[in-house]
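Have a look at my_file.csv; it's CSV, C-alpha atoms and all ligand atoms:
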```
chain,number,residue,atom,x,y,z
O,1,MET,CA,5.6,28.0,24.3
O,2,ARG,CA,7.0,27.4,27.7
O,3,GLU,CA,8.9,24.2,28.9
O,4,VAL,CA,8.1,22.9,32.3
O,5,HIS,CA,9.8,20.0,34.1
O,6,VAL,CA,7.2,17.2,34.6
O,7,ARG,CA,7.8,17.3,38.4
O,8,ASP,CA,6.6,20.9,38.3
O,9,ALA,CA,3.8,20.2,35.9
O,10,VAL,CA,1.1,18.8,38.2
O,11,GLY,CA,-2.1,20.7,37.6
O,12,LEU,CA,-1.1,21.9,34.1
O,13,ARG,CA,-2.8,20.9,30.9
O,14,LEU,CA,-1.0,18.9,28.2
O,15,ALA,CA,-0.6,20.8,25.0
O,16,HIS,CA,-0.7,17.7,22.7
O,17,ASP,CA,-1.4,14.0,22.8
O,18,LEU,CA,1.4,11.9,24.2
O,19,THR,CA,2.4,8.6,22.6
O,20,ARG,CA,3.8,5.4,24.1
O,21,ILE,CA,5.5,2.7,22.0
O,22,VAL,CA,6.4,-0.7,23.4
O,23,PRO,CA,7.9,-2.6,20.4
O,24,GLY,CA,5.7,-5.6,19.5
O,25,GLU,CA,3.1,-4.7,22.1
O,26,PHE,CA,1.6,-1.3,21.9
O,27,LYS,CA,1.7,2.0,20.1
O,28,GLY,CA,-0.8,4.7,20.7
O,29,ARG,CA,-1.9,7.7,22.6
O,30,ILE,CA,-1.8,7.4,26.4
O,31,PHE,CA,-2.4,11.0,27.4
O,32,LYS,CA,-4.8,13.1,25.5
O,33,LYS,CA,-4.3,16.8,24.7
O,34,GLY,CA,-5.9,18.9,27.5
O,35,HIS,CA,-5.3,16.2,30.2
O,36,VAL,CA,-4.6,17.8,33.5
O,37,ILE,CA,-1.3,16.2,34.8
O,38,GLN,CA,-1.7,14.4,38.1
O,39,GLU,CA,1.0,13.4,40.6
O,40,GLU,CA,0.5,9.7,39.6
O,41,ASP,CA,1.2,10.4,35.9
O,42,ILE,CA,4.8,11.4,36.6
O,43,PRO,CA,6.3,7.9,36.5
O,44,MET,CA,4.6,7.1,33.2
O,45,LEU,CA,5.7,10.4,31.7
O,46,LEU,CA,9.3,9.7,32.7
O,47,ASP,CA,8.9,6.1,31.3
O,48,ILE,CA,8.0,7.5,27.9
O,49,GLY,CA,11.0,9.8,28.0
O,50,LYS,CA,9.1,13.1,28.8
O,51,GLU,CA,11.2,15.1,31.3
O,52,HIS,CA,9.6,18.3,30.1
O,53,ILE,CA,6.2,19.2,28.8
O,54,TYR,CA,5.1,22.3,26.9
O,55,VAL,CA,2.7,24.8,28.3
O,56,LEU,CA,0.8,26.1,25.3
O,57,GLU,CA,0.6,29.8,24.7
O,58,LEU,CA,-0.8,30.3,21.2
O,59,GLN,CA,-0.1,33.7,19.6
O,60,PRO,CA,-2.6,35.2,17.1
O,61,GLY,CA,-2.0,33.7,13.7
O,62,GLU,CA,-0.9,30.3,15.1
O,63,LEU,CA,-2.7,27.0,15.1
O,64,HIS,CA,-2.4,23.9,17.3
O,65,GLU,CA,-1.6,20.8,15.3
O,66,ASP,CA,-5.1,19.3,16.1
O,67,ASP,CA,-6.9,22.4,14.7
O,68,ALA,CA,-4.6,22.5,11.7
O,69,ALA,CA,-5.4,18.8,10.9
O,70,ILE,CA,-9.1,19.4,11.3
O,71,ARG,CA,-9.0,22.4,8.9
O,72,LEU,CA,-6.9,20.5,6.4
O,73,SER,CA,-9.3,17.6,6.4
O,74,ARG,CA,-12.3,19.8,5.9
O,75,ALA,CA,-10.6,21.5,3.0
O,76,LEU,CA,-9.5,18.3,1.3
O,77,MET,CA,-12.3,15.8,1.7
O,78,GLY,CA,-15.0,15.2,-0.8
O,79,ASP,CA,-18.1,13.0,-0.7
O,80,HIS,CA,-18.4,9.6,1.0
O,81,LEU,CA,-15.7,10.2,3.5
O,82,THR,CA,-15.7,10.5,7.3
O,83,ALA,CA,-13.1,12.4,9.2
O,84,SER,CA,-11.8,11.1,12.6
O,85,GLU,CA,-11.2,13.2,15.7
O,86,PRO,CA,-7.5,14.3,15.7
O,87,SER,CA,-5.4,11.8,17.6
O,88,GLU,CA,-1.7,12.4,18.1
O,89,GLY,CA,-2.2,15.4,15.9
O,90,LYS,CA,-3.5,13.3,13.0
O,91,VAL,CA,-6.9,13.2,11.3
O,92,VAL,CA,-7.8,10.1,9.3
O,93,LEU,CA,-10.4,9.9,6.5
O,94,THR,CA,-12.2,6.6,6.0
O,95,SER,CA,-14.5,5.6,3.2
O,96,GLU,CA,-18.2,5.3,3.9
O,97,ILE,CA,-18.8,3.2,0.8
O,98,HIS,CA,-17.4,0.6,-1.6
O,99,GLY,CA,-16.1,2.9,-4.3
O,100,LEU,CA,-13.2,4.3,-6.3
O,101,VAL,CA,-10.6,6.4,-4.5
O,102,LYS,CA,-10.0,9.6,-6.5
O,103,ILE,CA,-7.1,11.8,-5.6
O,104,ASP,CA,-6.2,15.1,-7.4
O,105,THR,CA,-2.5,14.2,-7.4
O,106,GLU,CA,-1.4,17.6,-8.8
O,107,ALA,CA,-3.2,19.5,-5.9
O,108,LEU,CA,-1.8,16.9,-3.4
O,109,LEU,CA,1.7,17.6,-4.7
O,110,MET,CA,1.3,21.3,-4.3
O,111,ILE,CA,-0.1,21.1,-0.8
O,112,ASN,CA,2.7,18.7,0.4
O,113,SER,CA,5.2,21.1,-1.3
O,114,LEU,CA,4.1,23.9,1.1
O,115,GLY,CA,6.2,22.3,3.8
O,116,GLU,CA,5.3,21.5,7.4
O,117,LEU,CA,2.3,19.5,6.3
O,118,ALA,CA,1.9,15.8,5.6
O,119,VAL,CA,-1.1,14.7,3.6
O,120,VAL,CA,-0.9,11.0,2.8
O,121,THR,CA,-3.4,9.1,0.7
O,122,ARG,CA,-4.0,5.8,-1.0
O,123,LYS,CA,-3.1,5.5,-4.7
O,124,THR,CA,-5.7,7.2,-6.8
O,125,ASP,CA,-8.0,4.9,-8.8
O,126,THR,CA,-7.8,2.0,-6.3
O,127,VAL,CA,-10.8,0.4,-4.7
O,128,ALA,CA,-11.9,1.2,-1.1
O,129,LYS,CA,-14.3,-0.8,1.0
O,130,PRO,CA,-16.5,0.8,3.7
O,131,GLY,CA,-14.3,1.6,6.7
O,132,ASP,CA,-11.1,1.5,4.7
O,133,THR,CA,-8.6,4.3,5.5
O,134,VAL,CA,-8.3,6.5,2.4
O,135,ALA,CA,-6.1,9.3,3.7
O,136,ALA,CA,-4.4,10.8,6.8
O,137,MET,CA,-3.0,14.2,7.5
O,138,ARG,CA,-1.2,16.3,10.1
O,139,ALA,CA,0.8,19.4,10.6
O,140,ILE,CA,4.4,18.5,11.3
O,141,PRO,CA,5.1,21.1,14.1
O,142,LEU,CA,3.0,21.4,17.2
O,143,ILE,CA,2.3,25.0,16.4
O,144,ILE,CA,1.9,26.0,12.8
O,145,ALA,CA,1.4,29.4,11.1
O,146,GLU,CA,-2.3,29.7,10.1
O,147,THR,CA,-1.2,31.1,6.7
O,148,LYS,CA,0.2,27.7,5.9
O,149,ILE,CA,-3.3,26.2,6.3
O,150,THR,CA,-4.9,29.1,4.5
O,151,GLN,CA,-2.6,28.4,1.5
O,152,ALA,CA,-3.5,24.7,1.6
O,153,GLU,CA,-7.2,25.7,1.7
O,154,THR,CA,-6.8,28.0,-1.3
O,155,LEU,CA,-5.1,25.2,-3.3
O,156,ALA,CA,-7.9,22.8,-2.3
O,157,ARG,CA,-10.6,25.2,-3.4
O,158,MET,CA,-9.1,25.5,-6.9
O,159,SER,CA,-9.4,21.7,-7.5
O,160,ALA,CA,-12.0,20.5,-5.0
O,161,PRO,CA,-12.2,17.8,-4.0
O,162,VAL,CA,-8.6,16.7,-3.5
O,163,ILE,CA,-9.7,13.4,-1.9
O,164,ALA,CA,-12.9,11.7,-2.8
O,165,VAL,CA,-14.5,8.3,-3.2
O,166,LEU,CA,-16.8,7.7,-6.2
O,167,PRO,CA,-19.6,5.2,-5.8
O,168,PHE,CA,-19.8,2.3,-8.3
O,169,ARG,CA,-22.8,2.4,-10.6
O,170,ARG,CA,-24.8,-0.7,-11.0
O,171,MET,CA,-24.0,-0.9,-14.7
O,172,LYS,CA,-25.7,-3.1,-17.4
O,173,VAL,CA,-22.9,-5.0,-19.2
O,174,GLY,CA,-22.9,-6.9,-22.5
O,175,ILE,CA,-20.2,-9.5,-23.4
O,176,VAL,CA,-19.3,-10.1,-27.0
O,177,THR,CA,-17.0,-13.1,-27.4
O,178,THR,CA,-15.1,-13.6,-30.7
O,179,GLY,CA,-13.2,-16.6,-31.9
O,180,SER,CA,-14.1,-19.2,-34.5
O,181,GLU,CA,-12.8,-21.9,-32.1
O,182,VAL,CA,-15.3,-20.8,-29.5
O,183,LEU,CA,-18.2,-20.4,-31.9
O,184,THR,CA,-17.7,-23.9,-33.4
O,185,GLY,CA,-17.2,-25.5,-29.9
O,186,ARG,CA,-13.6,-26.6,-30.5
O,187,VAL,CA,-12.8,-24.9,-27.2
O,188,GLU,CA,-15.0,-24.2,-24.2
O,189,ASP,CA,-15.5,-20.5,-23.6
O,190,LYS,CA,-13.4,-19.3,-20.6
O,191,PHE,CA,-14.0,-15.6,-21.1
O,192,GLY,CA,-17.6,-15.4,-19.9
O,193,PRO,CA,-17.0,-16.9,-16.5
O,194,ARG,CA,-13.8,-14.8,-16.1
O,195,ILE,CA,-15.6,-11.6,-16.8
O,196,ARG,CA,-18.5,-12.4,-14.5
O,197,GLU,CA,-16.0,-13.2,-11.8
O,198,LYS,CA,-14.3,-9.8,-12.2
O,199,LEU,CA,-17.7,-8.0,-12.3
O,200,ALA,CA,-19.2,-9.8,-9.3
O,201,PRO,CA,-17.6,-7.5,-6.5
O,202,PHE,CA,-19.1,-4.5,-8.2
O,203,ASP,CA,-22.7,-5.6,-8.4
O,204,ALA,CA,-22.9,-5.1,-12.2
O,205,GLU,CA,-25.7,-6.6,-14.1
O,206,VAL,CA,-24.7,-8.9,-17.0
O,207,LEU,CA,-27.3,-8.5,-19.8
O,208,GLY,CA,-25.8,-11.6,-21.6
O,209,GLN,CA,-23.0,-13.0,-23.7
O,210,LYS,CA,-23.0,-13.3,-27.4
O,211,ILE,CA,-20.6,-15.7,-29.1
O,212,VAL,CA,-20.1,-14.2,-32.5
O,213,GLY,CA,-17.2,-15.8,-34.3
O,214,ASP,CA,-14.6,-13.7,-36.2
O,215,THR,CA,-16.3,-11.6,-38.8
O,216,LYS,CA,-16.3,-7.8,-38.3
O,217,GLU,CA,-20.0,-7.6,-39.2
O,218,ASN,CA,-21.0,-10.2,-36.5
O,219,ILE,CA,-18.8,-8.5,-33.9
O,220,GLN,CA,-20.4,-5.1,-34.7
O,221,ALA,CA,-23.9,-6.6,-34.7
O,222,GLY,CA,-23.2,-8.1,-31.2
O,223,ILE,CA,-22.1,-4.8,-29.9
O,224,GLN,CA,-25.0,-2.9,-31.5
O,225,GLU,CA,-27.6,-5.3,-30.0
O,226,PHE,CA,-26.3,-4.7,-26.5
O,227,LEU,CA,-26.3,-1.0,-27.1
O,228,ASN,CA,-29.9,-1.2,-28.2
O,229,GLN,CA,-30.7,-3.1,-25.0
O,230,GLY,CA,-29.4,-0.3,-23.0
O,231,ALA,CA,-25.9,-1.6,-22.2
O,232,GLU,CA,-23.8,0.9,-20.2
O,233,LEU,CA,-20.6,-1.1,-20.8
O,234,VAL,CA,-19.7,-3.6,-23.6
O,235,ILE,CA,-16.8,-6.0,-23.2
O,236,CYS,CA,-15.5,-7.7,-26.4
O,237,THR,CA,-13.1,-10.6,-25.9
O,238,GLY,CA,-10.4,-12.1,-28.0
O,239,GLY,CA,-9.1,-11.4,-31.5
O,240,MET,CA,-7.1,-8.4,-30.3
O,241,SER,CA,-3.6,-9.1,-31.7
O,242,VAL,CA,-2.1,-9.2,-35.2
O,243,ASP,CA,-3.4,-12.3,-37.0
O,244,PRO,CA,-5.7,-12.0,-40.0
O,245,ASP,CA,-8.5,-13.4,-37.9
O,246,ASP,CA,-8.1,-10.7,-35.2
O,247,ARG,CA,-10.9,-8.3,-36.2
O,248,THR,CA,-12.0,-7.0,-32.9
O,249,PRO,CA,-10.0,-3.7,-32.8
O,250,GLY,CA,-11.2,-2.8,-36.3
O,251,ALA,CA,-14.8,-3.6,-35.5
O,252,ILE,CA,-14.7,-1.4,-32.4
O,253,HIS,CA,-12.8,1.3,-34.1
O,254,GLU,CA,-15.4,1.7,-36.9
O,255,LEU,CA,-18.3,2.1,-34.3
O,256,ALA,CA,-16.4,4.2,-31.9
O,257,THR,CA,-17.0,7.9,-31.3
O,258,GLU,CA,-13.7,8.0,-29.4
O,259,VAL,CA,-10.8,5.5,-29.2
O,260,VAL,CA,-9.0,6.2,-26.0
O,261,SER,CA,-6.3,3.6,-26.8
O,262,TYR,CA,-5.7,0.4,-28.7
O,263,GLY,CA,-2.7,-1.1,-27.0
O,264,MET,CA,-1.3,0.3,-23.7
O,265,PRO,CA,2.0,0.2,-21.8
O,266,VAL,CA,0.9,-2.5,-19.3
O,267,LEU,CA,1.9,-6.1,-19.2
O,268,PRO,CA,0.0,-8.4,-19.3
O,269,GLY,CA,-2.8,-6.9,-21.2
O,270,SER,CA,-0.9,-4.7,-23.6
O,271,MET,CA,-3.2,-5.5,-26.5
O,272,MET,CA,-6.3,-4.1,-24.7
O,273,MET,CA,-8.5,-1.5,-26.3
O,274,LEU,CA,-10.7,1.1,-24.6
O,275,ALA,CA,-13.1,3.1,-26.7
O,276,TYR,CA,-16.4,4.9,-26.3
O,277,ILE,CA,-19.5,4.6,-28.5
O,278,GLN,CA,-21.8,7.6,-27.8
O,279,GLY,CA,-20.4,7.8,-24.3
O,280,VAL,CA,-20.7,4.0,-23.6
O,281,PRO,CA,-17.3,2.5,-22.8
O,282,VAL,CA,-16.3,-0.5,-24.8
O,283,PHE,CA,-13.4,-2.8,-23.9
O,284,GLY,CA,-11.5,-5.1,-26.3
O,285,LEU,CA,-9.9,-7.7,-24.1
O,286,PRO,CA,-6.9,-9.7,-25.3
O,287,GLY,CA,-6.6,-13.5,-24.7
O,288,ALA,CA,-4.2,-12.9,-21.7
O,289,VAL,CA,-7.2,-11.9,-19.5
O,290,ILE,CA,-8.4,-15.5,-19.3
O,291,TYR,CA,-4.9,-16.8,-18.4
O,292,GLU,CA,-3.3,-14.2,-16.1
O,293,GLU,CA,-4.7,-13.2,-12.7
O,294,ILE,CA,-4.1,-9.5,-13.0
O,295,THR,CA,-4.0,-7.6,-16.3
O,296,ALA,CA,-4.6,-4.1,-17.7
O,297,PHE,CA,-8.3,-4.9,-17.5
O,298,ASP,CA,-8.2,-4.9,-13.6
O,299,LEU,CA,-6.6,-1.4,-13.6
O,300,PHE,CA,-9.5,0.1,-15.7
O,301,LEU,CA,-12.6,-1.9,-14.7
O,302,PRO,CA,-13.2,-0.1,-11.4
O,303,ARG,CA,-12.7,3.3,-13.0
O,304,ILE,CA,-15.2,2.5,-15.8
O,305,LEU,CA,-17.7,1.1,-13.3
O,306,ALA,CA,-17.5,4.3,-11.2
O,307,GLY,CA,-18.2,6.3,-14.4
O,308,ASP,CA,-14.7,7.9,-14.3
O,309,LYS,CA,-13.5,9.0,-17.7
O,310,VAL,CA,-10.1,7.6,-18.8
O,311,THR,CA,-7.8,9.8,-20.9
O,312,SER,CA,-5.0,8.7,-23.3
O,313,ARG,CA,-2.5,10.6,-21.3
O,314,GLU,CA,-3.4,8.5,-18.2
O,315,ILE,CA,-2.9,5.4,-20.2
O,316,ALA,CA,0.5,6.5,-21.5
O,317,GLU,CA,1.6,7.3,-17.9
O,318,LEU,CA,1.0,3.6,-16.9
O,319,GLY,CA,4.2,2.5,-18.5
O,320,HIS,CA,6.1,3.4,-15.3
O,321,GLY,CA,5.0,0.6,-13.0
O,322,GLY,CA,3.0,-1.1,-15.7
O,323,LEU,CA,4.8,-4.4,-15.2
O,324,LEU,CA,2.1,-6.0,-13.2
O,325,LYS,CA,3.7,-9.5,-12.8
O,401,LIG,N1,3.2,-11.7,-33.2
O,401,LIG,C1,2.4,-11.3,-32.1
O,401,LIG,N2,1.9,-12.2,-31.4
O,401,LIG,C2,1.2,-11.9,-30.3
O,401,LIG,C3,0.9,-10.5,-30.0
O,401,LIG,C4,1.5,-9.6,-30.9
O,401,LIG,O1,1.3,-8.4,-30.7
O,401,LIG,N3,2.2,-10.0,-31.9
O,401,LIG,N4,0.2,-10.2,-28.9
O,401,LIG,C5,0.2,-11.2,-27.8
O,401,LIG,C6,-0.6,-10.8,-26.8
O,401,LIG,S1,-0.1,-9.6,-25.8
O,401,LIG,C7,-1.8,-11.6,-26.5
O,401,LIG,S2,-2.7,-11.2,-25.1
O,401,LIG,C8,-2.2,-12.7,-27.3
O,401,LIG,C9,-3.6,-13.0,-27.5
O,401,LIG,O2,-4.3,-12.0,-28.2
O,401,LIG,P1,-5.7,-12.2,-28.8
O,401,LIG,O3,-6.6,-11.3,-28.0
O,401,LIG,O4,-5.6,-11.9,-30.2
O,401,LIG,O5,-6.2,-13.7,-28.5
O,401,LIG,P2,-6.8,-14.8,-29.5
O,401,LIG,O6,-5.9,-14.9,-30.7
O,401,LIG,O7,-8.2,-14.4,-29.8
O,401,LIG,O8,-6.7,-16.1,-28.7
O,401,LIG,C10,-5.5,-16.5,-28.1
O,401,LIG,C11,-5.8,-17.8,-27.4
O,401,LIG,O9,-6.8,-17.7,-26.4
O,401,LIG,C12,-7.9,-18.6,-26.7
O,401,LIG,N5,-9.2,-18.0,-26.5
O,401,LIG,C13,-9.6,-16.9,-27.0
O,401,LIG,N6,-10.9,-16.6,-26.6
O,401,LIG,C14,-11.2,-17.6,-25.8
O,401,LIG,C15,-12.4,-18.0,-25.1
O,401,LIG,N7,-13.5,-17.2,-25.1
O,401,LIG,N8,-12.4,-19.1,-24.3
O,401,LIG,C16,-11.3,-19.9,-24.3
O,401,LIG,N9,-10.2,-19.7,-25.0
O,401,LIG,C17,-10.1,-18.6,-25.7
O,401,LIG,C18,-7.7,-18.9,-28.2
O,401,LIG,O10,-8.3,-20.2,-28.5
O,401,LIG,C19,-6.2,-18.9,-28.3
O,401,LIG,O11,-5.6,-20.1,-27.9
O,401,LIG,O12,-1.5,-12.7,-28.5
O,401,LIG,C20,-0.1,-12.6,-28.3
O,401,LIG,N10,0.6,-12.9,-29.5
O,402,LIG,O1,-2.4,-8.2,-24.3
O,402,LIG,MO1,-1.2,-9.4,-23.8
O,402,LIG,O2,-0.4,-10.5,-22.8
O,402,LIG,O3,-0.2,-8.1,-23.1
O,402,LIG,O4,-2.4,-9.5,-22.5
```

Give the structure from the file, written as structure tokens.
Amino acid sequence: MREVHVRDAVGLRLAHDLTRIVPGEFKGRIFKKGHVIQEEDIPMLLDIGKEHIYVLELQPGELHEDDAAIRLSRALMGDHLTASEPSEGKVVLTSEIHGLVKIDTEALLMINSLGELAVVTRKTDTVAKPGDTVAAMRAIPLIIAETKITQAETLARMSAPVIAVLPFRRMKVGIVTTGSEVLTGRVEDKFGPRIREKLAPFDAEVLGQKIVGDTKENIQAGIQEFLNQGAELVICTGGMSVDPDDRTPGAIHELATEVVSYGMPVLPGSMMMLAYIQGVPVFGLPGAVIYEEITAFDLFLPRILAGDKVTSREIAELGHGGLLK
């Protein structure tokens, strides 16, 4: 690359986008890559501190930052994402749908460890709305060795896709509510409305709610009836802790083909259970879900509604950062 003083640069093409920042007022691109510098541009170039510009002379095996960002984005992006044009050397991925952000964090770590690249994403397993930014990426230098991008592409191919958005499925949901005090009417049920409120943004279909009391047999019959009706998710409420009347975990356990976890390192919501019965996810929700705004349930519900399988290792990892309040 050759450096040229701006006063001698009239007629030359800019090698990259140029940015102006006025604190509190403006930050953005004011000259685009490829712009042919005019006499009248010189004061503005000096205003933004550019006394010299680069004249680009790419050698074989070198990539401009814009082309590097485009290639990175193509290698990393999965379904339901749109890539922007590069601006200031950066490509942004936005979600086309309401869905679950899914990042292969191991692959992301390896790619960012290559150096000279910045691939930045939202947290995996969070919810994106249409138009939300999910990721952004750029090469750090203006000119980067193509081998660096090839390495990133190879890593991406081994795990594809590194960055994706999974659509929510319109799941049929059954609610099984335990508690003798609810069955006998001593307290008004608060779990039904709470769960419907949490499901509403995801467009799930509630098949119904069964108030079943505290016996293991009745809880199991409630779950089974929903499964027979084609429920794709069953949510049991209450009776999740350590009292003799807390029979929900045992009831789910006996029916389960897989218990992912009973109890998890998240507060509030540590007594939550997640299991599968023949592939159908079943939650056991502790009483705290009706009292607290955000609990372990909110961490897992979007994943389950996107059909994403949760592992016990992922649950154990939640301890770090698991204090939600
Ligand atoms: N000694 C221990 N005590 C508690 C533990 C523990 O591990 N050891 N865990 C605590 C945690 S964490 C939670 S959360 C709570 C509640 O757990 P449960 O799921 O067993 O809740 P319940 O006993 O069924 O009910 C507690 C409370 O909530 C009311 N409730 C329940 N369902 C409904 C409903 N559908 N509508 C309205 N109100 C409802 C119920 O009447 C009770 O007042 O346990 C901690 N304690
Ligand atoms: O299961 Mo409890 O308060 O941790 O929600």

- Note on the structure: One residue among O:Leu318, O:Val259, O:Ala75, O:Val212 is nearest to Gly185 in chain O when using only C-alpha atoms, and that residue is O:Val212

- Message: Considering only C-alpha atoms and all ligand atoms, can you say which of O:Ala256, O:Ile304, O:Met240, O:Leu299 comes closest to ligand LIG 401 (chain O)?
- Response: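 Smallest separation from ligand LIG 401 (chain O) among the options: O:Met240.
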
- Task: Take atom C4 of ligand LIG 401 (chain O) and CA of Glu181 in chain O and report the distance between them in Å, one decimal.
- Result: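 Atom-to-atom, atom C4 of ligand LIG 401 (chain O) to CA of Glu181 in chain O, that is 18.9 Å.
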
- Message: For ligand LIG 401 (chain O), return the neighbouring residues as JSON, numbers by chain (distance at most 7 Å; only C-alpha atoms and all ligand atoms).
- Response: {"O": [177, 178, 179, 181, 182, 187, 188, 189, 190, 191, 192, 237, 238, 239, 240, 241, 242, 246, 268, 269, 270, 271, 285, 286, 287, 288]}

- Pick out the closest residue to Lys50 in chain O from this set: O:Gln38, O:Thr19, O:Gln151, O:Ser261. Count all atoms listed in the file.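 Using all atoms listed in the file, the shortest distance to Lys50 in chain O belongs to O:Thr19.
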
- Record the distance separating CA of Val173 in chain O and CA of Thr257 in chain O, expressed in Å with one decimal.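 It comes out at 18.6 Å.
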
- If we count only C-alpha atoms, what is near Ala69 in chain O at a cut-off of 12 Å, once residues fewer than 5 positions away on the same chain are taken out, given as a ChimeraX atom specification? /O:63-64,74-77,83-93,116-119,135-144,146,148-149,152-153

- With all atoms listed in the file as the atoms that count, which of O:Gly263, O:Pro281, O:Gly321, O:Pro302 lies nearest to ligand LIG 402 (chain O)?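 The closest residue to ligand LIG 402 (chain O) is O:Gly263.
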
- Note on the structure: Min atom-atom distance to ligand LIG 402 (chain O) from the set O:Glu292, O:Glu314, O:Asp67, O:Asp17, counting only C-alpha atoms and all ligand atoms, belongs to O:Glu292

With 5 Å added on each side, what axis-aligned box encloses every listed atom of range 301-307 of chain O? Give the centre and edge lengths in Å to one decimal, as lines of an AutoDock Vina configuration file.
```
center_x = -15.4
center_y = 2.2
center_z = -13.5
size_x = 15.6
size_y = 18.2
size_z = 14.6
```

- Task: Could you check how far CA of Pro249 in chain O sits from CA of Val282 in chain O, in Å to one decimal?
- Result: 10.7 Å

Please return range 29-46 of chain O, rebuilt to N, CA and C atoms, as a tab-separated table (two decimals), in the coordinates of the input.
```
chain	number	residue	atom	x	y	z
O	29	ARG	N	-1.83	6.55	21.77
O	29	ARG	CA	-1.90	7.70	22.60
O	29	ARG	C	-2.19	7.26	24.06
O	30	ILE	N	-1.41	7.72	25.04
O	30	ILE	CA	-1.80	7.40	26.40
O	30	ILE	C	-2.21	8.60	27.23
O	31	PHE	N	-1.83	9.78	26.78
O	31	PHE	CA	-2.40	11.00	27.40
O	31	PHE	C	-2.96	11.85	26.29
O	32	LYS	N	-4.17	12.34	26.51
O	32	LYS	CA	-4.80	13.10	25.50
O	32	LYS	C	-4.51	14.63	25.74
O	33	LYS	N	-4.46	15.36	24.64
O	33	LYS	CA	-4.30	16.80	24.70
O	33	LYS	C	-5.37	17.36	25.72
O	34	GLY	N	-4.95	18.27	26.59
O	34	GLY	CA	-5.90	18.90	27.50
O	34	GLY	C	-5.95	18.16	28.86
O	35	HIS	N	-5.35	16.93	28.91
O	35	HIS	CA	-5.30	16.20	30.20
O	35	HIS	C	-4.62	17.01	31.24
O	36	VAL	N	-5.20	17.06	32.44
O	36	VAL	CA	-4.60	17.80	33.50
O	36	VAL	C	-3.62	16.83	34.26
O	37	ILE	N	-2.36	17.17	34.27
O	37	ILE	CA	-1.30	16.20	34.80
O	37	ILE	C	-1.50	16.06	36.30
O	38	GLN	N	-1.52	14.76	36.68
O	38	GLN	CA	-1.70	14.40	38.10
O	38	GLN	C	-0.31	13.89	38.62
O	39	GLU	N	-0.20	13.90	39.92
O	39	GLU	CA	1.00	13.40	40.60
O	39	GLU	C	1.36	11.98	40.08
O	40	GLU	N	0.29	11.12	39.98
O	40	GLU	CA	0.50	9.70	39.60
O	40	GLU	C	0.91	9.52	38.15
O	41	ASP	N	0.78	10.55	37.35
O	41	ASP	CA	1.20	10.40	35.90
O	41	ASP	C	2.69	10.54	35.75
O	42	ILE	N	3.36	11.09	36.74
O	42	ILE	CA	4.80	11.40	36.60
O	42	ILE	C	5.65	10.22	36.20
O	43	PRO	N	5.49	9.05	36.89
O	43	PRO	CA	6.30	7.90	36.50
O	43	PRO	C	6.14	7.50	35.05
O	44	MET	N	4.87	7.49	34.60
O	44	MET	CA	4.60	7.10	33.20
O	44	MET	C	5.22	8.14	32.24
O	45	LEU	N	5.09	9.41	32.57
O	45	LEU	CA	5.70	10.40	31.70
O	45	LEU	C	7.20	10.22	31.61
O	46	LEU	N	7.82	9.90	32.73
O	46	LEU	CA	9.30	9.70	32.70
O	46	LEU	C	9.58	8.39	31.92
```
